[in-house]
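Structure data (PDB, C-alpha atoms, pLDDT in the B column) from final-v4.pdb:
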MODEL        1
ATOM      1  CA  MET W   1     -57.129 -96.716  38.159  1.00 56.00           C
ATOM      2  CA  ALA W   2     -54.323 -94.747  36.586  1.00 59.00           C
ATOM      3  CA  LYS W   3     -52.943 -96.271  33.413  1.00 64.00           C
ATOM      4  CA  LYS W   4     -49.430 -97.617  33.839  1.00 68.00           C
ATOM      5  CA  LYS W   5     -46.909 -95.711  31.752  1.00 75.00           C
ATOM      6  CA  VAL W   6     -45.160 -97.916  29.219  1.00 83.00           C
ATOM      7  CA  LYS W   7     -41.404 -97.559  29.002  1.00 91.00           C
ATOM      8  CA  PRO W   8     -39.980 -96.621  25.593  1.00 96.00           C
ATOM      9  CA  ASP W   9     -37.766 -99.118  23.799  1.00 98.00           C
ATOM     10  CA  VAL W  10     -34.839 -96.698  23.707  1.00 98.00           C
ATOM     11  CA  SER W  11     -33.739 -93.365  25.160  1.00 98.00           C
ATOM     12  CA  VAL W  12     -31.733 -91.146  22.825  1.00 98.00           C
ATOM     13  CA  ILE W  13     -29.550 -88.549  24.559  1.00 98.00           C
ATOM     14  CA  THR W  14     -28.192 -85.363  22.983  1.00 97.00           C
ATOM     15  CA  VAL W  15     -26.257 -82.681  24.834  1.00 96.00           C
ATOM     16  CA  THR W  16     -25.675 -79.448  22.945  1.00 94.00           C
ATOM     17  CA  HIS W  17     -23.867 -76.149  23.470  1.00 91.00           C
ATOM     18  CA  ASP W  18     -24.545 -73.217  21.141  1.00 92.00           C
ATOM     19  CA  ARG W  19     -24.989 -75.259  17.975  1.00 91.00           C
ATOM     20  CA  PRO W  20     -28.551 -74.568  16.805  1.00 94.00           C
ATOM     21  CA  ARG W  21     -27.811 -75.091  13.121  1.00 93.00           C
ATOM     22  CA  CYS W  22     -26.086 -78.419  13.764  1.00 92.00           C
ATOM     23  CA  PHE W  23     -28.955 -79.446  16.014  1.00 95.00           C
ATOM     24  CA  ASN W  24     -31.471 -78.765  13.237  1.00 94.00           C
ATOM     25  CA  LEU W  25     -29.613 -81.216  11.025  1.00 94.00           C
ATOM     26  CA  LEU W  26     -29.519 -83.780  13.815  1.00 96.00           C
ATOM     27  CA  THR W  27     -33.299 -83.475  14.095  1.00 96.00           C
ATOM     28  CA  LYS W  28     -33.497 -84.380  10.419  1.00 95.00           C
ATOM     29  CA  TYR W  29     -31.166 -87.364  10.781  1.00 96.00           C
ATOM     30  CA  LEU W  30     -33.030 -88.692  13.798  1.00 97.00           C
ATOM     31  CA  ALA W  31     -36.386 -88.325  12.034  1.00 96.00           C
ATOM     32  CA  SER W  32     -35.066 -90.405   9.119  1.00 96.00           C
ATOM     33  CA  GLN W  33     -34.158 -93.429  11.264  1.00 97.00           C
ATOM     34  CA  ASP W  34     -35.880 -96.677  10.247  1.00 98.00           C
ATOM     35  CA  PHE W  35     -36.301 -97.761  13.887  1.00 97.00           C
ATOM     36  CA  LEU W  36     -39.890 -98.931  14.393  1.00 96.00           C
ATOM     37  CA  GLY W  37     -39.956 -99.125  18.181  1.00 97.00           C
ATOM     38  CA  SER W  38     -40.829 -96.411  20.698  1.00 97.00           C
ATOM     39  CA  MET W  39     -38.285 -93.752  21.564  1.00 97.00           C
ATOM     40  CA  GLU W  40     -37.795 -90.889  23.979  1.00 98.00           C
ATOM     41  CA  TRP W  41     -35.375 -88.118  23.040  1.00 98.00           C
ATOM     42  CA  ILE W  42     -33.709 -86.246  25.900  1.00 98.00           C
ATOM     43  CA  VAL W  43     -31.921 -83.028  24.945  1.00 98.00           C
ATOM     44  CA  VAL W  44     -29.874 -80.915  27.362  1.00 97.00           C
ATOM     45  CA  CYS W  45     -28.810 -77.472  26.135  1.00 94.00           C
ATOM     46  CA  ASP W  46     -26.645 -75.132  28.193  1.00 91.00           C
ATOM     47  CA  ALA W  47     -25.936 -72.205  25.818  1.00 89.00           C
ATOM     48  CA  ASN W  48     -27.924 -70.031  23.380  1.00 89.00           C
ATOM     49  CA  ALA W  49     -31.049 -72.096  23.981  1.00 92.00           C
ATOM     50  CA  GLU W  50     -33.327 -69.371  22.631  1.00 94.00           C
ATOM     51  CA  ALA W  51     -31.877 -69.911  19.136  1.00 93.00           C
ATOM     52  CA  TYR W  52     -32.914 -73.570  19.003  1.00 95.00           C
ATOM     53  CA  GLU W  53     -35.974 -74.967  17.299  1.00 93.00           C
ATOM     54  CA  ARG W  54     -37.388 -77.430  19.802  1.00 94.00           C
ATOM     55  CA  PRO W  55     -38.731 -80.644  18.266  1.00 94.00           C
ATOM     56  CA  ALA W  56     -42.117 -81.770  19.485  1.00 94.00           C
ATOM     57  CA  ASN W  57     -40.814 -85.283  20.156  1.00 94.00           C
ATOM     58  CA  ALA W  58     -37.956 -84.141  22.401  1.00 96.00           C
ATOM     59  CA  LYS W  59     -37.779 -83.462  26.114  1.00 97.00           C
ATOM     60  CA  PHE W  60     -35.760 -80.256  25.757  1.00 97.00           C
ATOM     61  CA  ILE W  61     -34.030 -79.297  29.000  1.00 97.00           C
ATOM     62  CA  VAL W  62     -32.304 -75.940  29.370  1.00 96.00           C
ATOM     63  CA  ARG W  63     -29.571 -76.176  31.964  1.00 95.00           C
ATOM     64  CA  GLN W  64     -27.999 -73.048  33.396  1.00 90.00           C
ATOM     65  CA  PRO W  65     -24.279 -73.608  34.061  1.00 86.00           C
ATOM     66  CA  GLN W  66     -23.255 -72.770  37.590  1.00 86.00           C
ATOM     67  CA  GLU W  67     -20.115 -71.029  38.740  1.00 84.00           C
ATOM     68  CA  ASN W  68     -17.275 -73.455  39.462  1.00 84.00           C
ATOM     69  CA  GLU W  69     -19.343 -76.442  38.357  1.00 81.00           C
ATOM     70  CA  GLY W  70     -16.462 -77.917  36.395  1.00 82.00           C
ATOM     71  CA  LEU W  71     -16.750 -79.510  32.971  1.00 86.00           C
ATOM     72  CA  SER W  72     -20.086 -78.521  31.484  1.00 87.00           C
ATOM     73  CA  ILE W  73     -20.257 -81.558  29.206  1.00 88.00           C
ATOM     74  CA  CYS W  74     -20.089 -83.850  32.238  1.00 90.00           C
ATOM     75  CA  CYS W  75     -22.814 -81.831  33.959  1.00 92.00           C
ATOM     76  CA  ASN W  76     -24.994 -81.987  30.847  1.00 94.00           C
ATOM     77  CA  TYR W  77     -24.733 -85.753  30.514  1.00 95.00           C
ATOM     78  CA  LYS W  78     -25.398 -86.215  34.201  1.00 95.00           C
ATOM     79  CA  GLU W  79     -28.553 -84.106  33.872  1.00 96.00           C
ATOM     80  CA  ALA W  80     -29.718 -86.049  30.817  1.00 97.00           C
ATOM     81  CA  LEU W  81     -29.196 -89.413  32.498  1.00 97.00           C
ATOM     82  CA  LYS W  82     -31.584 -88.387  35.303  1.00 96.00           C
ATOM     83  CA  HIS W  83     -34.463 -88.445  32.814  1.00 97.00           C
ATOM     84  CA  VAL W  84     -33.809 -91.790  31.135  1.00 97.00           C
ATOM     85  CA  THR W  85     -36.657 -94.303  31.411  1.00 97.00           C
ATOM     86  CA  ALA W  86     -35.714 -96.916  28.788  1.00 98.00           C
ATOM     87  CA  ASP W  87     -33.416 -99.880  29.367  1.00 98.00           C
ATOM     88  CA  LYS W  88     -31.386 -99.015  26.274  1.00 98.00           C
ATOM     89  CA  ILE W  89     -29.644 -95.669  25.785  1.00 98.00           C
ATOM     90  CA  VAL W  90     -28.030 -94.365  22.594  1.00 98.00           C
ATOM     91  CA  PHE W  91     -26.028 -91.156  22.310  1.00 98.00           C
ATOM     92  CA  PHE W  92     -26.684 -88.904  19.312  1.00 98.00           C
ATOM     93  CA  GLU W  93     -24.309 -85.939  19.180  1.00 95.00           C
ATOM     94  CA  ASP W  94     -25.299 -82.716  17.445  1.00 93.00           C
ATOM     95  CA  ASP W  95     -22.544 -82.583  14.801  1.00 91.00           C
ATOM     96  CA  GLU W  96     -22.678 -86.144  13.460  1.00 95.00           C
ATOM     97  CA  ILE W  97     -24.289 -87.669  10.389  1.00 96.00           C
ATOM     98  CA  TYR W  98     -26.378 -90.699  11.338  1.00 97.00           C
ATOM     99  CA  PHE W  99     -27.467 -93.014   8.558  1.00 97.00           C
ATOM    100  CA  GLU W 100     -31.007 -94.341   8.526  1.00 97.00           C
ATOM    101  CA  THR W 101     -30.289 -97.821   9.900  1.00 97.00           C
ATOM    102  CA  TYR W 102     -28.007 -96.746  12.747  1.00 98.00           C
ATOM    103  CA  LEU W 103     -30.466 -96.545  15.642  1.00 98.00           C
ATOM    104  CA  SER W 104     -32.144 -99.883  14.903  1.00 98.00           C
ATOM    105  CA  TRP W 105     -28.724-101.501  14.507  1.00 98.00           C
ATOM    106  CA  MET W 106     -27.506-100.132  17.859  1.00 98.00           C
ATOM    107  CA  VAL W 107     -30.685-101.133  19.702  1.00 98.00           C
ATOM    108  CA  ASP W 108     -30.181-104.711  18.477  1.00 98.00           C
ATOM    109  CA  ARG W 109     -26.540-104.711  19.610  1.00 98.00           C
ATOM    110  CA  LEU W 110     -27.664-103.762  23.117  1.00 98.00           C
ATOM    111  CA  ASP W 111     -29.427-107.132  23.297  1.00 97.00           C
ATOM    112  CA  GLU W 112     -25.954-108.670  23.151  1.00 97.00           C
ATOM    113  CA  VAL W 113     -23.827-106.477  25.456  1.00 98.00           C
ATOM    114  CA  GLU W 114     -24.154-103.683  28.007  1.00 98.00           C
ATOM    115  CA  VAL W 115     -21.861-101.301  26.120  1.00 98.00           C
ATOM    116  CA  ALA W 116     -21.838-101.399  22.312  1.00 98.00           C
ATOM    117  CA  GLY W 117     -19.995 -99.207  19.853  1.00 98.00           C
ATOM    118  CA  GLU W 118     -19.199 -98.663  16.206  1.00 97.00           C
ATOM    119  CA  GLY W 119     -15.474 -98.928  15.530  1.00 96.00           C
ATOM    120  CA  ASN W 120     -13.140 -97.501  12.884  1.00 96.00           C
ATOM    121  CA  ALA W 121     -14.788 -94.079  13.179  1.00 95.00           C
ATOM    122  CA  ARG W 122     -14.804 -91.853  10.113  1.00 96.00           C
ATOM    123  CA  TYR W 123     -13.977 -88.197  10.861  1.00 95.00           C
ATOM    124  CA  TYR W 124     -14.383 -85.344   8.396  1.00 93.00           C
ATOM    125  CA  ASN W 125     -13.441 -81.713   9.032  1.00 91.00           C
ATOM    126  CA  LEU W 126     -15.668 -79.664   6.758  1.00 90.00           C
ATOM    127  CA  ARG W 127     -13.859 -76.377   7.372  1.00 88.00           C
ATOM    128  CA  TYR W 128     -10.432 -77.696   6.380  1.00 90.00           C
ATOM    129  CA  ARG W 129     -11.623 -80.556   4.145  1.00 92.00           C
ATOM    130  CA  ASN W 130      -9.595 -83.209   5.873  1.00 93.00           C
ATOM    131  CA  TRP W 131     -10.692 -86.787   6.537  1.00 95.00           C
ATOM    132  CA  ARG W 132      -9.442 -89.696   8.547  1.00 94.00           C
ATOM    133  CA  GLU W 133     -10.443 -93.248   9.420  1.00 95.00           C
ATOM    134  CA  MET W 134      -9.513 -93.583  13.055  1.00 93.00           C
ATOM    135  CA  GLY W 135      -8.734 -97.304  13.268  1.00 94.00           C
ATOM    136  CA  ASN W 136     -10.287 -97.619  16.723  1.00 95.00           C
ATOM    137  CA  PHE W 137     -11.202-101.247  17.335  1.00 95.00           C
ATOM    138  CA  ASN W 138     -11.124-101.428  21.147  1.00 95.00           C
ATOM    139  CA  HIS W 139     -13.224 -98.381  21.984  1.00 96.00           C
ATOM    140  CA  ALA W 140     -15.810 -96.138  20.342  1.00 97.00           C
ATOM    141  CA  SER W 141     -16.570 -92.447  20.410  1.00 94.00           C
ATOM    142  CA  LEU W 142     -19.530 -91.575  22.616  1.00 95.00           C
ATOM    143  CA  CYS W 143     -21.408 -90.443  19.500  1.00 95.00           C
ATOM    144  CA  GLN W 144     -21.168 -94.078  18.317  1.00 97.00           C
ATOM    145  CA  THR W 145     -21.878 -95.771  21.641  1.00 98.00           C
ATOM    146  CA  GLY W 146     -24.966 -97.265  23.235  1.00 98.00           C
ATOM    147  CA  ILE W 147     -25.370 -98.535  26.798  1.00 98.00           C
ATOM    148  CA  ARG W 148     -27.829-100.476  28.911  1.00 98.00           C
ATOM    149  CA  LYS W 149     -29.392 -98.763  31.894  1.00 97.00           C
ATOM    150  CA  SER W 150     -27.269-100.947  34.165  1.00 98.00           C
ATOM    151  CA  VAL W 151     -24.269 -98.836  33.061  1.00 98.00           C
ATOM    152  CA  VAL W 152     -25.833 -95.493  34.067  1.00 98.00           C
ATOM    153  CA  PRO W 153     -24.507 -95.393  37.691  1.00 97.00           C
ATOM    154  CA  PHE W 154     -20.997 -96.023  36.402  1.00 97.00           C
ATOM    155  CA  LEU W 155     -21.279 -93.293  33.759  1.00 96.00           C
ATOM    156  CA  VAL W 156     -22.650 -90.855  36.353  1.00 96.00           C
ATOM    157  CA  LYS W 157     -19.621 -91.621  38.518  1.00 95.00           C
ATOM    158  CA  LEU W 158     -17.346 -90.774  35.577  1.00 94.00           C
ATOM    159  CA  CYS W 159     -19.209 -87.495  35.153  1.00 93.00           C
ATOM    160  CA  ASP W 160     -18.768 -86.729  38.848  1.00 92.00           C
ATOM    161  CA  ASP W 161     -15.048 -87.442  38.672  1.00 89.00           C
ATOM    162  CA  GLN W 162     -14.629 -84.547  36.210  1.00 77.00           C
ATOM    163  CA  ARG W 163     -11.191 -85.850  35.231  1.00 75.00           C
ATOM    164  CA  ASP W 164     -11.467 -84.808  31.578  1.00 73.00           C
ATOM    165  CA  VAL W 165     -13.946 -84.409  28.706  1.00 75.00           C
ATOM    166  CA  PHE W 166     -13.178 -87.826  27.196  1.00 85.00           C
ATOM    167  CA  LEU W 167     -15.956 -89.778  28.843  1.00 91.00           C
ATOM    168  CA  ASP W 168     -15.967 -92.260  25.978  1.00 93.00           C
ATOM    169  CA  MET W 169     -12.374 -93.379  26.534  1.00 93.00           C
ATOM    170  CA  ARG W 170     -12.909 -93.784  30.257  1.00 94.00           C
ATOM    171  CA  LEU W 171     -16.179 -95.656  29.753  1.00 96.00           C
ATOM    172  CA  TRP W 172     -14.624 -98.146  27.365  1.00 97.00           C
ATOM    173  CA  ASN W 173     -11.378 -98.546  29.300  1.00 96.00           C
ATOM    174  CA  GLU W 174     -12.840 -98.809  32.786  1.00 96.00           C
ATOM    175  CA  TRP W 175     -16.171-100.603  32.356  1.00 97.00           C
ATOM    176  CA  ASN W 176     -15.709-104.221  33.470  1.00 97.00           C
ATOM    177  CA  GLY W 177     -19.043-105.555  32.281  1.00 97.00           C
ATOM    178  CA  SER W 178     -19.912-106.827  28.830  1.00 98.00           C
ATOM    179  CA  LYS W 179     -18.856-104.626  25.926  1.00 98.00           C
ATOM    180  CA  LYS W 180     -18.058-104.946  22.244  1.00 98.00           C
ATOM    181  CA  VAL W 181     -16.862-102.734  19.396  1.00 98.00           C
ATOM    182  CA  TYR W 182     -18.277-103.546  15.953  1.00 97.00           C
ATOM    183  CA  PRO W 183     -15.989-102.213  13.178  1.00 92.00           C
ATOM    184  CA  TYR W 184     -16.875-101.270   9.613  1.00 90.00           C
ATOM    185  CA  VAL W 185     -20.565-100.685  10.261  1.00 93.00           C
ATOM    186  CA  ASN W 186     -20.409 -97.249   8.587  1.00 94.00           C
ATOM    187  CA  GLY W 187     -23.501 -95.983  10.353  1.00 96.00           C
ATOM    188  CA  VAL W 188     -22.020 -92.621  11.351  1.00 97.00           C
ATOM    189  CA  VAL W 189     -19.753 -89.934   9.917  1.00 96.00           C
ATOM    190  CA  SER W 190     -18.348 -87.678  12.624  1.00 94.00           C
ATOM    191  CA  MET W 191     -18.290 -84.125  11.278  1.00 92.00           C
ATOM    192  CA  LYS W 192     -15.857 -81.493  12.522  1.00 89.00           C
ATOM    193  CA  GLY W 193     -15.494 -77.790  11.852  1.00 85.00           C
ATOM    194  CA  LEU W 194     -19.218 -77.084  11.608  1.00 85.00           C
ATOM    195  CA  TRP W 195     -21.217 -74.052  12.723  1.00 83.00           C
ATOM    196  CA  GLY W 196     -21.445 -72.859  16.313  1.00 76.00           C
ATOM    197  CA  ALA W 197     -19.278 -73.701  19.292  1.00 67.00           C
ATOM    198  CA  ALA W 198     -16.040 -75.540  18.566  1.00 69.00           C
ATOM    199  CA  GLY W 199     -15.845 -79.216  19.429  1.00 64.00           C
ATOM    200  CA  LEU W 200     -13.783 -80.655  22.277  1.00 63.00           C
ATOM    201  CA  GLY W 201     -12.394 -83.844  20.777  1.00 65.00           C
ATOM    202  CA  VAL W 202      -9.792 -84.651  18.139  1.00 65.00           C
ATOM    203  CA  GLY W 203     -10.200 -83.669  14.497  1.00 59.00           C
ATOM    204  CA  HIS W 204     -11.012 -80.005  14.968  1.00 64.00           C
ATOM    205  CA  VAL W 205      -7.666 -78.716  13.700  1.00 69.00           C
ATOM    206  CA  GLN W 206      -6.317 -78.362  10.187  1.00 66.00           C
ATOM    207  CA  ALA W 207      -3.362 -80.744  10.531  1.00 69.00           C
ATOM    208  CA  PHE W 208      -5.517 -83.863  10.672  1.00 81.00           C
ATOM    209  CA  GLY W 209      -5.716 -86.784   8.270  1.00 88.00           C
ATOM    210  CA  SER W 210      -5.799 -86.584   4.482  1.00 94.00           C
ATOM    211  CA  SER W 211      -6.757 -83.611   2.350  1.00 94.00           C
ATOM    212  CA  ASP W 212      -9.978 -83.656   0.310  1.00 94.00           C
ATOM    213  CA  PRO W 213     -10.082 -80.307  -1.524  1.00 92.00           C
ATOM    214  CA  SER W 214     -12.601 -81.507  -4.116  1.00 93.00           C
ATOM    215  CA  LEU W 215     -14.916 -83.140  -1.545  1.00 94.00           C
ATOM    216  CA  TYR W 216     -14.687 -86.533  -3.271  1.00 95.00           C
ATOM    217  CA  LYS W 217     -14.174 -88.458  -0.038  1.00 96.00           C
ATOM    218  CA  LEU W 218     -17.076 -86.722   1.682  1.00 95.00           C
ATOM    219  CA  GLU W 219     -19.408 -87.506  -1.219  1.00 95.00           C
ATOM    220  CA  GLU W 220     -18.216 -91.122  -1.206  1.00 96.00           C
ATOM    221  CA  TRP W 221     -19.011 -91.396   2.495  1.00 97.00           C
ATOM    222  CA  ILE W 222     -22.356 -89.608   2.722  1.00 96.00           C
ATOM    223  CA  GLY W 223     -23.825 -89.449  -0.808  1.00 95.00           C
ATOM    224  CA  LYS W 224     -25.206 -86.585  -2.833  1.00 91.00           C
ATOM    225  CA  ASP W 225     -28.420 -86.118  -0.851  1.00 92.00           C
ATOM    226  CA  LYS W 226     -26.627 -85.483   2.436  1.00 94.00           C
ATOM    227  CA  MET W 227     -24.019 -83.308   0.699  1.00 93.00           C
ATOM    228  CA  LEU W 228     -26.857 -80.838   0.089  1.00 92.00           C
ATOM    229  CA  ASN W 229     -27.193 -80.360   3.847  1.00 91.00           C
ATOM    230  CA  TYR W 230     -23.805 -78.609   3.799  1.00 90.00           C
ATOM    231  CA  PHE W 231     -23.464 -77.043   0.310  1.00 87.00           C
ATOM    232  CA  ASP W 232     -25.826 -75.708  -2.340  1.00 82.00           C
ATOM    233  CA  LYS W 233     -26.269 -77.419  -5.714  1.00 81.00           C
ATOM    234  CA  GLU W 234     -24.474 -74.722  -7.661  1.00 80.00           C
ATOM    235  CA  TYR W 235     -21.371 -74.976  -5.505  1.00 73.00           C
ATOM    236  CA  LEU W 236     -21.277 -78.751  -5.882  1.00 77.00           C
ATOM    237  CA  GLY W 237     -22.055 -78.650  -9.591  1.00 74.00           C
ATOM    238  CA  TYR W 238     -25.152 -80.845  -9.204  1.00 72.00           C
ATOM    239  CA  GLU W 239     -27.956 -80.478 -11.716  1.00 61.00           C
TER     240      GLU W 239
ENDMDL
END
What would you get if you wrote out this structure as structure tokens?
Amino acid sequence: MAKKKVKPDVSVITVTHDRPRCFNLLTKYLASQDFLGSMEWIVVCDANAEAYERPANAKFIVRQPQENEGLSICCNYKEALKHVTADKIVFFEDDEIYFETYLSWMVDRLDEVEVAGEGNARYYNLRYRNWREMGNFNHASLCQTGIRKSVVPFLVKLCDDQRDVFLDMRLWNEWNGSKKVYPYVNGVVSMKGLWGAAGLGVGHVQAFGSSDPSLYKLEEWIGKDKMLNYFDKEYLGYE
């Protein structure tokens, strides 16, 4: 008799577009999570896939964009959602910093509601050295959102609608089931202005938030160890 396949405790989804260096850092952040349950990692890449290092623990899917397919990010998420087997789904985007407790925290929140998110997002543009606390308490960025599998058909419908790239806003505004935003968790810093393809959301322009020319705010948010993922010791003046 064939052994029944056991479902993982959580599915982590990452969609990526020509950001191999960012993706390498995400691999590091995901590996550092303190989550002790089982996990499947579903990655959909639709550009420059040959430049990516493919983690052994990821289901790495290369999707070839089709002519007139519409918004590629919607197509990528729709493809990723086809492969989900867990009842809990957490989105890890390729240009974020995820602190070690984030995944376990989000998995626990999905015992409480069908859509959970971290509020008051912290955005930092590394290129222009600007930062901003977003003050969002009624919705969360997709990079700080988790869902139950019961939400998947609704999210696929949003992807099919192809109205715009802001799936997170539509998910939070239009989902009528249980949902909750948890502010001041500080489990994620959303980085902007990194290497590779430009981002689609807010925060990717210079005129954004407060200036941080000496990187004090970034160090306060992420600590010295993570600072070394973006700068060398000599530049930062670390011994």
Next on the checklist: Applying 10 Å and only C-alpha atoms, which residues near region 53-66 of chain W remain after dropping the ones on its own chain fewer than 4 positions away? List them as a ChimeraX atom specification.
Outcome noted: /W:12-16,20-21,23-24,27,31,39-49,70-72,75-76,79-80,83
Next on the checklist: Once the PyMOL selection byres ((chain W and resi 148) around 10) is applied to the coordinates I shared, what remains selected? I want it as a PyMOL selection string.
Outcome noted: chain W and resi 10-11+86-90+107+110-111+113-116+146-147+149-152
Checklist entry - What do you get, as a ChimeraX atom specification, if you spell out every residue that the PyMOL selection byres ((chain W and resi 133-143) around 7) selects here? => result /W:91-93,117-123,132,144-145,168-169,172,181,183
Next on the checklist: Which residues are close to Asn125 (chain W), i.e. within 6 Å by all atoms listed in the file, leaving aside same-chain residues fewer than 3 positions away? Reply as number ranges by chain.
Outcome noted: W: 128-130, 191-193
Next on the checklist: Excluding region 218-234 of chain W and its own-chain neighbours fewer than 2 positions away, which residues fall within 12 Å of it when counting all atoms listed in the file? Please give them as a ChimeraX atom specification.
Outcome noted: /W:21-22,24-26,28-29,32,95-100,121-127,129-133,186-191,193-195,210-216,236-239
C-alpha atoms of the current selection, written as a PDB file, in the coordinates of the input:
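Saved as again17.pdb:
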ATOM      1  CA  ARG W  21     -27.811 -75.091  13.121  1.00 93.00           C
ATOM      2  CA  CYS W  22     -26.086 -78.419  13.764  1.00 92.00           C
ATOM      3  CA  ASN W  24     -31.471 -78.765  13.237  1.00 94.00           C
ATOM      4  CA  LEU W  25     -29.613 -81.216  11.025  1.00 94.00           C
ATOM      5  CA  LEU W  26     -29.519 -83.780  13.815  1.00 96.00           C
ATOM      6  CA  LYS W  28     -33.497 -84.380  10.419  1.00 95.00           C
ATOM      7  CA  TYR W  29     -31.166 -87.364  10.781  1.00 96.00           C
ATOM      8  CA  SER W  32     -35.066 -90.405   9.119  1.00 96.00           C
ATOM      9  CA  ASP W  95     -22.544 -82.583  14.801  1.00 91.00           C
ATOM     10  CA  GLU W  96     -22.678 -86.144  13.460  1.00 95.00           C
ATOM     11  CA  ILE W  97     -24.289 -87.669  10.389  1.00 96.00           C
ATOM     12  CA  TYR W  98     -26.378 -90.699  11.338  1.00 97.00           C
ATOM     13  CA  PHE W  99     -27.467 -93.014   8.558  1.00 97.00           C
ATOM     14  CA  GLU W 100     -31.007 -94.341   8.526  1.00 97.00           C
ATOM     15  CA  ALA W 121     -14.788 -94.079  13.179  1.00 95.00           C
ATOM     16  CA  ARG W 122     -14.804 -91.853  10.113  1.00 96.00           C
ATOM     17  CA  TYR W 123     -13.977 -88.197  10.861  1.00 95.00           C
ATOM     18  CA  TYR W 124     -14.383 -85.344   8.396  1.00 93.00           C
ATOM     19  CA  ASN W 125     -13.441 -81.713   9.032  1.00 91.00           C
ATOM     20  CA  LEU W 126     -15.668 -79.664   6.758  1.00 90.00           C
ATOM     21  CA  ARG W 127     -13.859 -76.377   7.372  1.00 88.00           C
ATOM     22  CA  ARG W 129     -11.623 -80.556   4.145  1.00 92.00           C
ATOM     23  CA  ASN W 130      -9.595 -83.209   5.873  1.00 93.00           C
ATOM     24  CA  TRP W 131     -10.692 -86.787   6.537  1.00 95.00           C
ATOM     25  CA  ARG W 132      -9.442 -89.696   8.547  1.00 94.00           C
ATOM     26  CA  GLU W 133     -10.443 -93.248   9.420  1.00 95.00           C
ATOM     27  CA  ASN W 186     -20.409 -97.249   8.587  1.00 94.00           C
ATOM     28  CA  GLY W 187     -23.501 -95.983  10.353  1.00 96.00           C
ATOM     29  CA  VAL W 188     -22.020 -92.621  11.351  1.00 97.00           C
ATOM     30  CA  VAL W 189     -19.753 -89.934   9.917  1.00 96.00           C
ATOM     31  CA  SER W 190     -18.348 -87.678  12.624  1.00 94.00           C
ATOM     32  CA  MET W 191     -18.290 -84.125  11.278  1.00 92.00           C
ATOM     33  CA  GLY W 193     -15.494 -77.790  11.852  1.00 85.00           C
ATOM     34  CA  LEU W 194     -19.218 -77.084  11.608  1.00 85.00           C
ATOM     35  CA  TRP W 195     -21.217 -74.052  12.723  1.00 83.00           C
ATOM     36  CA  SER W 210      -5.799 -86.584   4.482  1.00 94.00           C
ATOM     37  CA  SER W 211      -6.757 -83.611   2.350  1.00 94.00           C
ATOM     38  CA  ASP W 212      -9.978 -83.656   0.310  1.00 94.00           C
ATOM     39  CA  PRO W 213     -10.082 -80.307  -1.524  1.00 92.00           C
ATOM     40  CA  SER W 214     -12.601 -81.507  -4.116  1.00 93.00           C
ATOM     41  CA  LEU W 215     -14.916 -83.140  -1.545  1.00 94.00           C
ATOM     42  CA  TYR W 216     -14.687 -86.533  -3.271  1.00 95.00           C
ATOM     43  CA  LEU W 236     -21.277 -78.751  -5.882  1.00 77.00           C
ATOM     44  CA  GLY W 237     -22.055 -78.650  -9.591  1.00 74.00           C
ATOM     45  CA  TYR W 238     -25.152 -80.845  -9.204  1.00 72.00           C
ATOM     46  CA  GLU W 239     -27.956 -80.478 -11.716  1.00 61.00           C
TER      47      GLU W 239
END
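Here the question is which of W:Asp18, W:Leu155, W:Leu36, W:Lys7 gets nearest to Tyr77 (chain W) using all atoms listed in the file, and that residue is W:Leu155.
Candidate residues W:Gln33, W:Phe154, W:Glu69, W:Val165 were compared for distance to Ser104 (chain W), and the nearest is W:Gln33, using only C-alpha atoms.
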Checklist outcome for this item: Expressed in Å, the length from CA of Asp160 (chain W) to CA of Tyr182 (chain W) is 28.4 Å
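Straight-line separation from CA of Ser38 (chain W) to CA of Asn176 (chain W): 29.2 Å.
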Box time for region 78-92 of chain W: axis-aligned, enclosing all its listed atoms, 6 Å extra on each side; report centre and edge lengths in Å to one decimal, as AutoDock Vina command-line options.
--center_x -31.0 --center_y -92.0 --center_z 27.3 --size_x 23.3 --size_y 27.8 --size_z 28.0
Item to check | Interatomic distance (Å, one decimal) between CA of Ala51 (chain W) and CA of Val84 (chain W) | outcome: 25.0 Å
Atoms are missing here; could region 166-173 of chain W be completed with N, CA and C atoms and written as a tab-separated table (two decimals), in the frame of the given file?
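Contents of rebuild20.tsv, freshly written:
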chain	number	residue	atom	x	y	z
W	166	PHE	N	-13.13	-86.61	28.00
W	166	PHE	CA	-13.18	-87.83	27.20
W	166	PHE	C	-13.88	-88.95	27.96
W	167	LEU	N	-15.17	-88.77	28.14
W	167	LEU	CA	-15.96	-89.78	28.84
W	167	LEU	C	-15.97	-91.10	28.10
W	168	ASP	N	-15.92	-91.04	26.77
W	168	ASP	CA	-15.97	-92.26	25.98
W	168	ASP	C	-14.76	-93.17	26.26
W	169	MET	N	-13.57	-92.58	26.28
W	169	MET	CA	-12.37	-93.38	26.53
W	169	MET	C	-12.42	-94.02	27.92
W	170	ARG	N	-12.86	-93.25	28.90
W	170	ARG	CA	-12.91	-93.78	30.26
W	170	ARG	C	-13.98	-94.87	30.37
W	171	LEU	N	-15.12	-94.65	29.72
W	171	LEU	CA	-16.18	-95.66	29.75
W	171	LEU	C	-15.68	-96.98	29.19
W	172	TRP	N	-15.07	-96.92	28.01
W	172	TRP	CA	-14.62	-98.15	27.36
W	172	TRP	C	-13.45	-98.78	28.09
W	173	ASN	N	-12.56	-97.99	28.64
W	173	ASN	CA	-11.38	-98.55	29.30
W	173	ASN	C	-11.68	-99.10	30.69
